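Scroll down for the structure; my scribbles are underneath it.
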Amino acid sequence: MPENMKQAVVYQIYPKSFSSHRQQATGDLLGVVDRLDYLAWLGVDYLWLTPFYCSPQKDNGYDVSDYYRIDPAYGSMADFELLLAEARRRGIGIMLDIVVNHTSTEHAWFRQALKGRDNFYRDFYIWRDQPNNWQSKFGGSAWAFEPESGQYYLHLFDQTQADLNWENPQLRQAVFEMMRFWADKGVAGFRLDVINLISKDPAFSEDDSDGRHFYTDGPRVHEYLQQMHREVFAGRELLTVGEMSSTSLAHCIDYSHPERRELSMTFNFHHLKVDYPQGQKWQLGRFDFVGLKRILSDWQQGMHAGGGWNALFWCNHDQPRVVSRFGDEGQYRQASAKMLATALHGLQGTPYLYQGEEIAMANPAFQHIEELRDVESLNAYQQLLASGLDRTQAMAVIRQKSRDNSRTPMQWDNSRFAGFSQTQPWLRLADDAGHINVAAALADPDSVLHHYRRLIALRKQYPVLADGDYRCLTPEHPSLWVYTRRSAAEMLLVISHFGAEAQSYRLPEGVIPEGWQAELLLSNYPAPPAGWQWQLRPWHSLLYRFYPVTPS
Ligand code: NOJ
């Protein structure tokens with residue numbers, strides 16, 4: 001893994017919605033090239049681009065029909081090579097999204113597989129004579145009937161995303177060869193889509209759940225990742241992050257422990273389910289703040305003790321915007337966005353920020369289902385109606401939960417289509433683009449954008465951000481999250497107020513090591529009076545550093 005991993009910050013780009021060089025409805029790779037100076041100014045080390053391979057776009061590129069070719073909607077291989085070179089020139093590495101739990105049913109392998117049970121590629125997929133009760137993550141059965149052969153194929157996602165059979169060693173070799181092709185081109189890392197789902201229980205057992213226990217962190221997943229490490233990662237400086245669906249801390253330690261030679265780090269989603277009432281995503285709910293702290297604290301301490309490494313994130317292309325979710329998208333948008341940024345970037349792990357998060361983009365308040373494009377949201381809407389909700393009620397859920405909340409075009413300036421394009425974009429812009437945009441944020445030294453830039457710089461300056469241990473001082477408090485990060489030479493104190501009401505806080509005795517002195521590194525309000533008791537303001541955030549006084 002790369003030497004800079006522990007100081008690095010990754011910026012996630014959803015190319016379809018980032019910037020359109022060709023001034024079309026969708027973004028493209030040259031659009032990313034156009035914005036590299038901005039990203040270099042921000043200080044990020046890597047760009048993770050979600051898939052831009054050939055794809056019928058049923059799931060916006062997570063349904064790959066050719067791993068070796070770039071979808072013409074995004075540009076050409078020459079455009080990609082230019083992006084690699086221009087990024088490298090600015091000290092930025094490009095990370096590719098590798099989607100190998102499934103392919104599109106339009107992939108040549110699947111087309112071959114349809115030719116008959118004897119075809120070499122038949123066994124690249126998972127076929128059964130009878131379905132079991134496993135459910136697709138996008139709703140309905142996870143099995144689709146294929147009438148020619150009379151068999152069912154597995155699809156944990158959309159019916160057009162057929163699961164690959166990792167039991168087949170030739171499939172594995174085909175995947176590794178493809179990954180080496182991109183590594184040889186000079187990419188700096190990989191993000192591996194739902195990679196902990198690739199090993200299915202060979203008995204295809206059932207229980208009373210949706211089947212997830214039989215393929216999540218499955219029986220051979222570590223073996224497969226170790227093989228991937230040997231075949232693709234070994235001898236190269238690659239940053240690798242696995243997206244882990246419904247995983248466990250113990251597995252994530254194993255996935256990311258350097259000595260096990262699997263991945264550099266893992267994404268997990270437990271902290272983003274604190275607003276799922278009874279675990280149900282498609283229900284309205286307030287978020288459980290104490291639960292959020294508990295989960296993040298457990299992962300901070302567990303990964304630290306176990307020698308694993310966390311990927312830290314609030315946002316991605318599958319999640320609603322964090323300022324709408326855990327902050328205040330109205331009056332305190334700026335303050336709460338800065339607070340959320342500091343709370344996350346103070347933790348141990350590698351921070352990921354998702355396009356638009358750095359300017360506090362919020363959910364766009366979709367009004368009509370016709371405005372949405374996401375397959376999961378459209379399915380969920382139908383299921384909500386079928387469950388008895390009326391259109392207004394169903395739309396209220398979609399408005400809060402849909403993945404399209406994060407997929408609206410990036411807001412660059414206050415021009416007609418926000419500088420994203422000069423054409424009506426594929427998904428509508430948020431209404432606030434006139435004042436929430438990069439140009440305005442760049443011009444305001446007090447903006448959320450400048451706050452993120454300082455946080456990114458701090459990570460490179462203070463080793464305690466990478467190495468320090470974690471301790472939460474307010475596990476049960478209803479609105480305060482106060483934690484320390486401590487190494488032998490330094491300590492950080494991060495105070496985050498998740499709320500608008502006045503709140504006072506006094507630091508318990510003994511937290512600050514005797515004789516150490518303090519400096520305030522970052523705050524979202526003017527510096528408070530000196531002392532270890534604070535009258536906190538709405539969504540207040542304070543980041544202090546302590547260090548021993550060196551004898552003169
Ligand atoms: C996770 C991706 O982030 C999501 O966008 C996609 O729909 C599923 N994996 C299936 O590939």
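Chain labels run A, B, ... following the order of the structure tokens; each chain numbers its residues from 1, and ligands are numbered from 1 in the order shown.
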
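Around stretch 418-422 of chain A, within 6 Å and counting only C-alpha atoms, the residues found are Ser19, Ser20, Gln23, Gln411, Trp412, Asp413 and Asn414 of chain A, once anything fewer than 4 positions away on its own chain is removed.
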
File dump, residues just selected, C-alpha atoms, as a short mmCIF file (atom, residue, chain, number, x, y, z; two decimals), in the first residue's frame:
data_model
loop_
_atom_site.label_atom_id
_atom_site.label_comp_id
_atom_site.auth_asym_id
_atom_site.auth_seq_id
_atom_site.Cartn_x
_atom_site.Cartn_y
_atom_site.Cartn_z
CA SER A 19 -18.72 18.36 -15.10
CA SER A 20 -19.56 18.17 -18.79
CA GLN A 23 -21.65 20.62 -22.66
CA GLN A 411 -22.79 23.22 -8.55
CA TRP A 412 -19.85 25.18 -9.95
CA ASP A 413 -21.24 28.68 -10.38
CA ASN A 414 -24.45 30.64 -10.62
#

- Message: Show me, as a PyMOL selection string, the residues that have an atom within 6 Å of A:Ala337 when counting only C-alpha atoms, minus same-chain residues fewer than 3 positions from it.
- Response: chain A and resi 323+333-334+340+360

- Please identify all polymer residues within 7 Å of stretch 74-88 of chain A, counting only C-alpha atoms, omitting same-chain residues fewer than 4 positions from it, and present them as JSON, numbers by chain. {"A": [27, 28, 29, 30, 33, 36, 52, 70, 92, 93, 94]}

Kindly assemble as a tab-separated table a list of the chain A residues that lie within 7 Å of ligand 1, each paired with its nearest atom pair and their distance in Å to one decimal, using only C-alpha atoms and all ligand atoms, sorted first by chain and then by ascending residue number.
residue	atom	partner	partner_atom_place_in_ligand_line	distance
A:Asp59	CA	ligand 1	7 (O)	5.8
A:Tyr62	CA	ligand 1	11 (O)	4.5
A:Asp63	CA	ligand 1	11 (O)	6.8
A:Val99	CA	ligand 1	11 (O)	6.4
A:Phe157	CA	ligand 1	10 (C)	5.9
A:Asp193	CA	ligand 1	9 (N)	5.4
A:Val194	CA	ligand 1	9 (N)	5.5
A:His317	CA	ligand 1	5 (O)	6.5
A:Asp318	CA	ligand 1	5 (O)	5.5

Those same residues, written as a short mmCIF file (atom, residue, chain, number, x, y, z; two decimals), in the first residue's frame with N, CA, C and O atoms?
data_model
loop_
_atom_site.label_atom_id
_atom_site.label_comp_id
_atom_site.auth_asym_id
_atom_site.auth_seq_id
_atom_site.Cartn_x
_atom_site.Cartn_y
_atom_site.Cartn_z
N ASP A 59 -27.98 0.78 -13.80
CA ASP A 59 -27.62 1.19 -12.45
C ASP A 59 -26.44 2.17 -12.55
O ASP A 59 -25.47 2.08 -11.81
N TYR A 62 -22.88 0.70 -12.69
CA TYR A 62 -22.57 -0.46 -11.85
C TYR A 62 -23.08 -1.74 -12.52
O TYR A 62 -23.12 -2.80 -11.90
N ASP A 63 -23.46 -1.61 -13.76
CA ASP A 63 -23.84 -2.75 -14.60
C ASP A 63 -22.90 -2.69 -15.80
O ASP A 63 -23.21 -2.11 -16.83
N VAL A 99 -16.16 -3.36 -10.35
CA VAL A 99 -17.48 -3.95 -10.04
C VAL A 99 -17.44 -5.40 -10.48
O VAL A 99 -17.71 -5.73 -11.64
N PHE A 157 -28.55 -7.61 -7.10
CA PHE A 157 -29.02 -6.24 -7.37
C PHE A 157 -30.06 -6.32 -8.48
O PHE A 157 -30.91 -7.20 -8.44
N ASP A 193 -16.40 -2.60 -5.45
CA ASP A 193 -17.84 -2.56 -5.20
C ASP A 193 -18.32 -3.82 -4.48
O ASP A 193 -17.97 -4.94 -4.91
N VAL A 194 -19.12 -3.64 -3.44
CA VAL A 194 -19.71 -4.74 -2.64
C VAL A 194 -18.85 -6.02 -2.65
O VAL A 194 -19.35 -7.11 -2.89
N HIS A 317 -22.36 8.41 -3.42
CA HIS A 317 -23.41 8.49 -4.43
C HIS A 317 -24.63 7.64 -4.09
O HIS A 317 -25.59 7.63 -4.85
N ASP A 318 -24.58 6.90 -2.98
CA ASP A 318 -25.72 6.07 -2.57
C ASP A 318 -26.42 6.65 -1.36
O ASP A 318 -27.38 6.04 -0.86
#

- Per DSSP on the backbone, filter stretch 293-474 of chain A down to the residues in strand (DSSP E) and report them as a PyMOL selection string. chain A and resi 311-312+350-354+469-472

Next, the residues of the selection above should be written as an mmCIF file, in the first residue's frame with N, CA, C and O atoms.
data_model
loop_
_atom_site.group_PDB
_atom_site.id
_atom_site.type_symbol
_atom_site.label_atom_id
_atom_site.label_comp_id
_atom_site.auth_asym_id
_atom_site.auth_seq_id
_atom_site.Cartn_x
_atom_site.Cartn_y
_atom_site.Cartn_z
ATOM 1 N N ALA A 311 -11.992 3.492 6.279
ATOM 2 C CA ALA A 311 -12.309 4.586 5.357
ATOM 3 C C ALA A 311 -13.409 5.390 6.055
ATOM 4 O O ALA A 311 -14.386 4.815 6.530
ATOM 5 N N LEU A 312 -13.220 6.722 6.132
ATOM 6 C CA LEU A 312 -14.162 7.571 6.871
ATOM 7 C C LEU A 312 -15.034 8.327 5.872
ATOM 8 O O LEU A 312 -14.501 8.947 4.945
ATOM 9 N N THR A 350 -8.954 7.038 6.742
ATOM 10 C CA THR A 350 -8.733 7.859 5.549
ATOM 11 C C THR A 350 -10.046 8.529 5.174
ATOM 12 O O THR A 350 -11.016 7.842 4.830
ATOM 13 N N PRO A 351 -10.107 9.865 5.242
ATOM 14 C CA PRO A 351 -11.361 10.539 4.912
ATOM 15 C C PRO A 351 -11.644 10.548 3.403
ATOM 16 O O PRO A 351 -10.728 10.751 2.603
ATOM 17 N N TYR A 352 -12.896 10.325 3.077
ATOM 18 C CA TYR A 352 -13.381 10.425 1.699
ATOM 19 C C TYR A 352 -14.381 11.563 1.675
ATOM 20 O O TYR A 352 -15.275 11.616 2.520
ATOM 21 N N LEU A 353 -14.222 12.472 0.723
ATOM 22 C CA LEU A 353 -15.297 13.432 0.584
ATOM 23 C C LEU A 353 -15.894 13.309 -0.792
ATOM 24 O O LEU A 353 -15.200 13.011 -1.762
ATOM 25 N N TYR A 354 -17.175 13.500 -0.821
ATOM 26 C CA TYR A 354 -17.943 13.245 -2.035
ATOM 27 C C TYR A 354 -18.298 14.566 -2.691
ATOM 28 O O TYR A 354 -18.726 15.508 -2.011
ATOM 29 N N ASP A 469 -4.832 7.398 19.472
ATOM 30 C CA ASP A 469 -5.968 6.545 19.832
ATOM 31 C C ASP A 469 -7.209 7.422 20.025
ATOM 32 O O ASP A 469 -7.143 8.654 19.953
ATOM 33 N N TYR A 470 -8.328 6.802 20.272
ATOM 34 C CA TYR A 470 -9.603 7.516 20.297
ATOM 35 C C TYR A 470 -10.317 7.246 21.612
ATOM 36 O O TYR A 470 -10.360 6.102 22.075
ATOM 37 N N ARG A 471 -10.848 8.315 22.188
ATOM 38 C CA ARG A 471 -11.657 8.134 23.394
ATOM 39 C C ARG A 471 -12.836 9.110 23.341
ATOM 40 O O ARG A 471 -12.654 10.303 23.099
ATOM 41 N N CYS A 472 -14.033 8.597 23.557
ATOM 42 C CA CYS A 472 -15.224 9.457 23.535
ATOM 43 C C CYS A 472 -15.521 9.889 24.967
ATOM 44 O O CYS A 472 -15.603 9.055 25.874
#

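Taking atom CA of A:Ile195 as the reference point, atom CA of A:Pro219 is found at 13.0 Å.
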
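Using only C-alpha atoms, the smallest distance between any of A:Met5, A:Val32, A:Ile98, A:Leu164 and A:Asn310 comes from A:Met5.
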
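You can rank A:Asn60, A:Thr484, A:Gln400, A:Gln159 by their closest distance to A:Gln300 using only C-alpha atoms, and at the top of that list sits A:Thr484.
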
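Atom CA of A:Gln7 to atom CA of A:Leu465 spans 8.1 Å [interatomic distance, one decimal].
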
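Closest approach to A:Ala341 among A:Thr392, A:Gln382, A:Ser523, A:Asn168 is made by A:Ser523 (distances from only C-alpha atoms).
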
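With only C-alpha atoms as the atoms that count, the minimum distance from A:Ser479 to the choices A:Gly515, A:Pro277, A:Pro528, A:Gly291 is reached by A:Gly291.
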
- Task: From the DSSP assignment of the backbone, select every residue of stretch 61-274 of chain A that is helix (DSSP H, G or I), and format the answer as a ChimeraX atom specification.
- Result: /A:77-89,108-113,120-124,169-185,195-197,212-214,221-233,249-256,258-260,270-272

- Would you mind listing what lies within 8 Å of A:Leu449 as a ChimeraX atom specification, with only C-alpha atoms counted and same-chain residues fewer than 2 positions away left out? /A:358-359,438,441-442,447,451-453

For N, CA, C and O atoms, I'd like the residues from the last selection saved as a PDB file, in the first residue's frame.
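Saved result, out-v5.pdb, follows:
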ATOM      1  N   GLU A 358     -18.118  19.412  -0.050  1.00  0.00           N
ATOM      2  CA  GLU A 358     -17.226  20.486   0.373  1.00  0.00           C
ATOM      3  C   GLU A 358     -17.837  21.876   0.210  1.00  0.00           C
ATOM      4  O   GLU A 358     -17.282  22.856   0.687  1.00  0.00           O
ATOM      5  N   ILE A 359     -18.996  21.954  -0.453  1.00  0.00           N
ATOM      6  CA  ILE A 359     -19.700  23.246  -0.507  1.00  0.00           C
ATOM      7  C   ILE A 359     -21.059  23.139   0.168  1.00  0.00           C
ATOM      8  O   ILE A 359     -21.943  23.971  -0.038  1.00  0.00           O
ATOM      9  N   VAL A 438     -19.339  26.438  -6.123  1.00  0.00           N
ATOM     10  CA  VAL A 438     -17.892  26.498  -5.888  1.00  0.00           C
ATOM     11  C   VAL A 438     -17.370  27.922  -6.033  1.00  0.00           C
ATOM     12  O   VAL A 438     -16.558  28.382  -5.217  1.00  0.00           O
ATOM     13  N   ALA A 441     -18.102  29.850  -2.987  1.00  0.00           N
ATOM     14  CA  ALA A 441     -17.348  29.337  -1.840  1.00  0.00           C
ATOM     15  C   ALA A 441     -15.868  29.703  -1.922  1.00  0.00           C
ATOM     16  O   ALA A 441     -15.229  30.001  -0.910  1.00  0.00           O
ATOM     17  N   LEU A 442     -15.338  29.708  -3.129  1.00  0.00           N
ATOM     18  CA  LEU A 442     -13.927  30.089  -3.284  1.00  0.00           C
ATOM     19  C   LEU A 442     -13.716  31.550  -2.876  1.00  0.00           C
ATOM     20  O   LEU A 442     -12.691  31.902  -2.282  1.00  0.00           O
ATOM     21  N   SER A 447     -15.912  30.122   4.049  1.00  0.00           N
ATOM     22  CA  SER A 447     -16.876  29.132   3.539  1.00  0.00           C
ATOM     23  C   SER A 447     -16.568  27.722   4.037  1.00  0.00           C
ATOM     24  O   SER A 447     -15.469  27.438   4.528  1.00  0.00           O
ATOM     25  N   HIS A 451     -12.979  25.622   4.894  1.00  0.00           N
ATOM     26  CA  HIS A 451     -12.880  24.808   6.110  1.00  0.00           C
ATOM     27  C   HIS A 451     -12.371  23.406   5.761  1.00  0.00           C
ATOM     28  O   HIS A 451     -11.464  22.878   6.421  1.00  0.00           O
ATOM     29  N   TYR A 452     -12.925  22.800   4.732  1.00  0.00           N
ATOM     30  CA  TYR A 452     -12.460  21.471   4.304  1.00  0.00           C
ATOM     31  C   TYR A 452     -10.986  21.531   3.896  1.00  0.00           C
ATOM     32  O   TYR A 452     -10.204  20.633   4.181  1.00  0.00           O
ATOM     33  N   ARG A 453     -10.626  22.578   3.206  1.00  0.00           N
ATOM     34  CA  ARG A 453      -9.228  22.679   2.748  1.00  0.00           C
ATOM     35  C   ARG A 453      -8.277  22.720   3.947  1.00  0.00           C
ATOM     36  O   ARG A 453      -7.211  22.102   3.935  1.00  0.00           O
TER      37      ARG A 453
END

Can you list every residue of stretch 177-250 of chain A that has an atom at most 6 Å from stretch 257-268 of chain A, with its nearest atom pair and the distance in Å to one decimal, using only C-alpha atoms, ordered by chain then number, as a tab-separated table?
residue	atom	partner	partner_atom	distance
A:Leu225	CA	A:Glu262	CA	5.2
A:Gln226	CA	A:Glu262	CA	5.0
A:His229	CA	A:Glu262	CA	5.7
A:Thr240	CA	A:Ser264	CA	5.0
A:Val241	CA	A:Met265	CA	4.9
A:Gly242	CA	A:Thr266	CA	4.8
A:Glu243	CA	A:Phe267	CA	4.9
A:Met244	CA	A:Asn268	CA	5.3

With N, CA and C atoms retained, write the just-selected residues as a PDB file, in the first residue's frame.
ATOM      1  N   LEU A 225      -9.688 -12.511  -1.676  1.00  0.00           N
ATOM      2  CA  LEU A 225      -8.999 -11.213  -1.621  1.00  0.00           C
ATOM      3  C   LEU A 225      -7.491 -11.395  -1.496  1.00  0.00           C
ATOM      4  N   GLN A 226      -7.085 -12.428  -0.785  1.00  0.00           N
ATOM      5  CA  GLN A 226      -5.639 -12.688  -0.697  1.00  0.00           C
ATOM      6  C   GLN A 226      -5.088 -13.091  -2.062  1.00  0.00           C
ATOM      7  N   HIS A 229      -4.759  -9.995  -4.031  1.00  0.00           N
ATOM      8  CA  HIS A 229      -3.572  -9.263  -3.594  1.00  0.00           C
ATOM      9  C   HIS A 229      -2.329  -9.820  -4.284  1.00  0.00           C
ATOM     10  N   THR A 240      -6.254   0.491  -1.907  1.00  0.00           N
ATOM     11  CA  THR A 240      -7.416  -0.343  -2.217  1.00  0.00           C
ATOM     12  C   THR A 240      -8.427  -0.243  -1.089  1.00  0.00           C
ATOM     13  N   VAL A 241      -9.658  -0.016  -1.466  1.00  0.00           N
ATOM     14  CA  VAL A 241     -10.716   0.106  -0.461  1.00  0.00           C
ATOM     15  C   VAL A 241     -11.885  -0.759  -0.884  1.00  0.00           C
ATOM     16  N   GLY A 242     -12.344  -1.571   0.064  1.00  0.00           N
ATOM     17  CA  GLY A 242     -13.462  -2.460  -0.231  1.00  0.00           C
ATOM     18  C   GLY A 242     -14.751  -1.904   0.328  1.00  0.00           C
ATOM     19  N   GLU A 243     -15.776  -1.906  -0.495  1.00  0.00           N
ATOM     20  CA  GLU A 243     -17.110  -1.550   0.005  1.00  0.00           C
ATOM     21  C   GLU A 243     -17.713  -2.800   0.628  1.00  0.00           C
ATOM     22  N   MET A 244     -18.011  -2.717   1.921  1.00  0.00           N
ATOM     23  CA  MET A 244     -18.459  -3.881   2.676  1.00  0.00           C
ATOM     24  C   MET A 244     -19.900  -3.685   3.108  1.00  0.00           C
TER      25      MET A 244
END

- Task: Find the residues around A:Tyr547 up to 10 Å (only C-alpha atoms counted), leave out those fewer than 4 positions away in its own chain, and share them as a PyMOL selection string.
- Result: chain A and resi 487-492+512-513+515-519

Take the residues that were just selected and, keeping C-alpha atoms, output them as a PDB file, in the first residue's frame.
ATOM      1  CA  SER A 487      -0.421   9.817  20.863  1.00  0.00           C
ATOM      2  CA  ALA A 488       2.704  10.046  23.000  1.00  0.00           C
ATOM      3  CA  ALA A 489       3.580  13.476  21.649  1.00  0.00           C
ATOM      4  CA  GLU A 490       0.239  15.151  20.920  1.00  0.00           C
ATOM      5  CA  MET A 491      -3.449  15.150  21.690  1.00  0.00           C
ATOM      6  CA  LEU A 492      -6.450  16.468  19.821  1.00  0.00           C
ATOM      7  CA  ILE A 512      -5.381  17.424  29.393  1.00  0.00           C
ATOM      8  CA  PRO A 513      -2.013  15.981  30.322  1.00  0.00           C
ATOM      9  CA  GLY A 515       1.904  20.757  31.702  1.00  0.00           C
ATOM     10  CA  TRP A 516       0.723  20.490  28.086  1.00  0.00           C
ATOM     11  CA  GLN A 517      -0.310  23.598  26.259  1.00  0.00           C
ATOM     12  CA  ALA A 518      -3.128  24.107  23.831  1.00  0.00           C
ATOM     13  CA  GLU A 519      -3.793  25.732  20.503  1.00  0.00           C
TER      14      GLU A 519
END

- Task: Would you please work out which residue, of A:Tyr38, A:His345, A:Gln151, A:Ser504, is nearest to A:Gly116 when using only C-alpha atoms?
- Result: A:Gln151

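One finds atom CA of A:His21 at 17.4 Å from atom CA of A:Ala439.
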
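In terms of minimum interatomic distance to A:Thr105, A:Leu154 ranks closest within A:Leu520, A:Met303, A:Leu154, A:Ile13, counting only C-alpha atoms.
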